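Chemist: Let me give you the structure first, and then I'll get to my questions.
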Amino acid sequence: MKKERTLSVSAIKNGTVIDHIPCGSALKILKFLDFTKENVQVTIGLNLKSSKMQCKDIMKIQDRQITSQEAHQIAILAPSATVNIIHNYEVVKKIPVTLPETIESILVCPNKKCITRQEKTDSFFFVHKEGKLVFIQCKYCEKRFPQEEF
Amino acid sequence: MKTPFQGRDILSILDFSKKEILQILETAEALKKKPKSDLLKGKILASCFFEPSTRTRLSFESAMLRLGGQCLGFSDSNSTSSQKGESLTDSIKVIGSYADVIVMRHPMEGSARLAAEYTTTPVINAGDGANQHPTQTLTDLLAIKQCQKTIDNLHVAIVGDLKYGRTAHSLAQALSYFKARLYFICPEYLSLPEEILEHLKRNGIKFSFHRKISDVLSKCDILYLTRLQKERLLPFEQEFGEELEKLTLPLLKEAKKNLKIFHPLPRREELDSSLDSSPHAYYFEQAEWGVCARQALLALILGKQ
């Protein structure tokens, strides 16, 4: 007898599914991509059981395809995430989530004494990969931070 | 023909290669030997100190005047439009049109790099918060070269507030070019930032941490003291209340004959005035070399060397 599976978060007909987000990071991604301005429908599952990860978050964004640039931005917050574009309930494209070499304007420097926290200017970071670790270094104050600090 | 230094910003010591550092030091020595009193005639230096300074500001102004140039500027941000809420970038755009070179000190880290993006006039970082102080390091290297006759393969102990002491950051990075053996002596909560240690590791520099000067003094060629940067401490750090080790004459019994004591000044309790007459004391000579180092930088940046 075929075992019936139910999804914790309803399927979407068209749009984007961001899966395998480490637990606790979906809300950060939501804040980061700021869909509130676009009036798109977003459903989120938090702390779901996963065969690959002990625990994961998932986001489903109805009728909105995220761009490659946005996928890179997601990599900063959730490097293990997978991004699938959905059409008619089928995955039609997988966007690789890879860390960019530099990150411009989207992050805030955690160093409160960094000039970018005082002046109206875009932030700029260099991404350094050292084995499995990722460090992000501010171009201005030159401070290095582990990726988790963002 | 434009020289490699002409029009360049000086923001961080790592913006220089070893070869370039040596070229600046050689230029400084040449200007010391043979002063050129009208080399920068007609050039204007804007001295923009948003944070207090004595030696850095005056040595830059002295350097410019000794080369025949002129200075304008301020030594207190309270007398500028930043008190009216003007942004740093707006201030720099305007100041850049008034001068040929800008020397800038600011309490926020990265301020000089940001300022340099808003003007085509070269910007020299004279200290940005706890981040970098590249011209102090050029001064230090020049002074080391004078008293040790070399900069290569020296044993250097850097003592004090290594977290907020920007001179310690720039110096440690610069000494990686010269294969120094570094000893860091500081309370645990005032240790060097991770990015500086990472730089040293990446460049294969041997370094170690110690709690007391006496642990390493007998091996050192240079003992570089720094003061506690009380004004930059976070509230929880102020509660530690741990004082820096004080250097006193009896401690120097173990010192090598060629040991020289450096301090970027101003000093506090960490460097007792009884040491001033010691043959190991070199901090006032070090400050004196600051004028030559800055003369060299100004001459090179303004394309006159």
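As shown in the structure tokens, the chain order sets the letters A, B, ...; within each chain, residues go from 1, and ligands are also counted from 1 in the order they appear.
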Please return as a list in words: the residues of stretch 128-218 of chain B that backbone DSSP assigns to strand (DSSP E or B).
Modeler: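 Selection result, strand (DSSP E or B) within stretch 128-218 of chain B: Asp128, His155, Val156, Ala157, Ile158, Val159, Arg181, Leu182, Tyr183, Phe184, Ile185, Phe207, Ser208, Phe209 and His210 of chain B.
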Chemist: Which chain A residues have any atom within 12 Å of an atom of chain B, and for each, what is the nearest pair of atoms with distance in Å to one decimal, counting only C-alpha atoms, rows sorted by chain and number, as CSV?
Modeler:
residue,atom,partner,partner_atom,distance
A:Cys109,CA,B:Glu109,CA,11.1
A:Asn111,CA,B:Glu109,CA,8.8
A:Lys112,CA,B:Met108,CA,9.0
A:Lys113,CA,B:Met108,CA,5.4
A:Cys114,CA,B:Glu109,CA,4.7
A:Ile115,CA,B:Met108,CA,5.1
A:Thr116,CA,B:Gly110,CA,7.9
A:Arg117,CA,B:Met108,CA,9.1
A:Gln118,CA,B:Met108,CA,8.3
A:Glu119,CA,B:Ser87,CA,6.5
A:Lys120,CA,B:Ser87,CA,8.2
A:Thr121,CA,B:Leu114,CA,8.7
A:Asp122,CA,B:Leu114,CA,10.1
A:Ser123,CA,B:Leu114,CA,10.1
A:Phe124,CA,B:Leu114,CA,10.7
A:His128,CA,B:Glu195,CA,11.4
A:Glu130,CA,B:Glu198,CA,11.1
A:Phe135,CA,B:Glu195,CA,9.9
A:Ile136,CA,B:Glu195,CA,10.5
A:Gln137,CA,B:Glu195,CA,8.6
A:Cys138,CA,B:Gly110,CA,8.8
A:Lys139,CA,B:Gly110,CA,7.8
A:Tyr140,CA,B:Gly110,CA,4.1
A:Cys141,CA,B:Gly110,CA,4.1
A:Glu142,CA,B:Gly110,CA,7.2
A:Lys143,CA,B:Glu195,CA,6.5
A:Arg144,CA,B:Glu195,CA,5.8
A:Phe145,CA,B:Glu195,CA,8.7
A:Pro146,CA,B:Glu194,CA,10.4
Chemist: Give me the residues within 9 Å of stretch 208-212 of chain B as a VMD selection string, counting only C-alpha atoms and dropping any in the same chain fewer than 3 places off.
Modeler: chain B and resid 181 to 188 191 215 to 217 245
Chemist: Fewer than 5 positions away in the same chain doesn't count, so skip those; otherwise give me all residues within 7 Å of A:Lys13, counting only C-alpha atoms, as a list in words.
Modeler: Ile86, His87, Asn88 and Tyr89 of chain A
Chemist: Go ahead and write the selection's residues with N, CA and C atoms as a tab-separated table (two decimals), in the first residue's frame.
Modeler:
chain	number	residue	atom	x	y	z
A	86	ILE	N	9.79	26.78	-9.11
A	86	ILE	CA	8.66	25.86	-9.31
A	86	ILE	C	7.74	26.40	-10.41
A	87	HIS	N	7.35	25.50	-11.31
A	87	HIS	CA	6.34	25.86	-12.31
A	87	HIS	C	5.37	24.68	-12.42
A	88	ASN	N	4.11	24.98	-12.25
A	88	ASN	CA	3.08	23.91	-12.26
A	88	ASN	C	3.43	22.78	-11.29
A	89	TYR	N	3.82	23.13	-10.11
A	89	TYR	CA	4.14	22.19	-9.01
A	89	TYR	C	5.41	21.37	-9.26
Chemist: Quick one: everything within 12 Å of B:Phe240, counting only C-alpha atoms, minus sequence neighbours fewer than 6 positions away in the same chain. Send it as a ChimeraX atom specification.
Modeler: /B:187-190,230,233-234
Chemist: Write out as a PyMOL selection string which residues come within 8 Å of stretch 56-59 of chain B when counting only C-alpha atoms, dropping same-chain ones fewer than 4 positions away.
Modeler: chain B and resi 47+49+63+75+126+136+290-291+294
Chemist: Which one of B:Lys18, B:Leu275, B:Ile10, B:Ile24 sits closest to B:Asp152 if you count only C-alpha atoms?
Modeler: B:Lys18
Chemist: Using only C-alpha atoms, which residues sit within 12 Å of stretch 43-52 of chain A once same-chain residues fewer than 2 positions away are excluded, as a PDB file with C-alpha atoms, in the first residue's frame?
Modeler:
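After the write, selection.pdb holds the following:
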ATOM      1  CA  LEU A   7       3.776  18.265   3.435  1.00  0.00           C
ATOM      2  CA  SER A   8       4.351  20.354   6.505  1.00  0.00           C
ATOM      3  CA  VAL A   9       4.166  23.450   4.330  1.00  0.00           C
ATOM      4  CA  SER A  10       1.694  23.419   1.418  1.00  0.00           C
ATOM      5  CA  ALA A  11       3.040  23.064  -2.101  1.00  0.00           C
ATOM      6  CA  ILE A  12       3.017  26.083  -4.378  1.00  0.00           C
ATOM      7  CA  GLY A  15       7.304  30.470  -7.431  1.00  0.00           C
ATOM      8  CA  THR A  16      10.399  29.617  -5.376  1.00  0.00           C
ATOM      9  CA  VAL A  17      11.095  27.088  -2.648  1.00  0.00           C
ATOM     10  CA  ILE A  18      14.082  27.721  -0.422  1.00  0.00           C
ATOM     11  CA  ASP A  19      14.757  24.449   1.355  1.00  0.00           C
ATOM     12  CA  HIS A  20      17.363  23.093   3.772  1.00  0.00           C
ATOM     13  CA  ILE A  21      17.677  26.358   5.620  1.00  0.00           C
ATOM     14  CA  PRO A  22      19.422  25.819   8.967  1.00  0.00           C
ATOM     15  CA  CYS A  23      16.958  26.111  11.844  1.00  0.00           C
ATOM     16  CA  GLY A  24      16.461  29.682  12.913  1.00  0.00           C
ATOM     17  CA  SER A  25      17.684  31.226   9.665  1.00  0.00           C
ATOM     18  CA  ALA A  26      14.392  31.467   7.733  1.00  0.00           C
ATOM     19  CA  LEU A  27      13.292  34.577   9.584  1.00  0.00           C
ATOM     20  CA  LYS A  28      16.670  36.177   8.908  1.00  0.00           C
ATOM     21  CA  ILE A  29      16.254  35.448   5.183  1.00  0.00           C
ATOM     22  CA  LEU A  30      12.728  36.840   5.269  1.00  0.00           C
ATOM     23  CA  PHE A  35       9.068  40.693   0.709  1.00  0.00           C
ATOM     24  CA  VAL A  40       3.955  38.335  -2.324  1.00  0.00           C
ATOM     25  CA  GLN A  41       2.577  35.354  -0.445  1.00  0.00           C
ATOM     26  CA  GLN A  54      18.486  17.249  12.015  1.00  0.00           C
ATOM     27  CA  CYS A  55      16.284  20.279  11.807  1.00  0.00           C
ATOM     28  CA  LYS A  56      15.510  22.713   9.017  1.00  0.00           C
ATOM     29  CA  ASP A  57      13.434  25.699   8.003  1.00  0.00           C
ATOM     30  CA  ILE A  58      11.714  26.068   4.636  1.00  0.00           C
ATOM     31  CA  MET A  59      10.286  29.047   2.730  1.00  0.00           C
ATOM     32  CA  LYS A  60       7.843  28.958  -0.157  1.00  0.00           C
ATOM     33  CA  ILE A  61       7.333  32.128  -2.120  1.00  0.00           C
ATOM     34  CA  GLN A  62       4.247  32.146  -4.322  1.00  0.00           C
ATOM     35  CA  SER A  80      23.380  24.861   2.987  1.00  0.00           C
ATOM     36  CA  ALA A  81      20.098  26.136   1.502  1.00  0.00           C
TER      37      ALA A  81
END
Chemist: Quick one: of A:Val91, A:Pro110, A:Glu104, A:Ala78, who's nearest to A:Val134, counting only C-alpha atoms?
Modeler: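 Checking each candidate against A:Val134, we get A:Ala78 as the closest.
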Chemist: As a PyMOL selection string, list the residues of stretch 69-222 of chain B assigned to helix (DSSP H, G or I) by DSSP on the backbone atoms of this structure.
Modeler: chain B and resi 77-79+81-84+88-98+111-116+134-148+166-178+188-190+194-202+213-215+217-219
Chemist: When you draw a straight line from atom CA of A:Phe126 to atom CA of A:Gln65, how long is it in Å?
Modeler: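 Separation between atom CA of A:Phe126 and atom CA of A:Gln65: 26.9 Å.
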Chemist: Rank B:Asn203, B:Leu251, B:Ala28, B:Asp9 by their smallest atom-to-atom distance to B:Glu117, using only C-alpha atoms, and report the top residue only.
Modeler: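 Closest to B:Glu117 of all the choices is B:Asp9.
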Chemist: Please indicate the distance in Å from atom CA of B:Val94 to atom CA of B:Arg55, rounded to one decimal place.
Modeler: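 So the two atoms, atom CA of B:Val94 and atom CA of B:Arg55, lie 25.8 Å apart.
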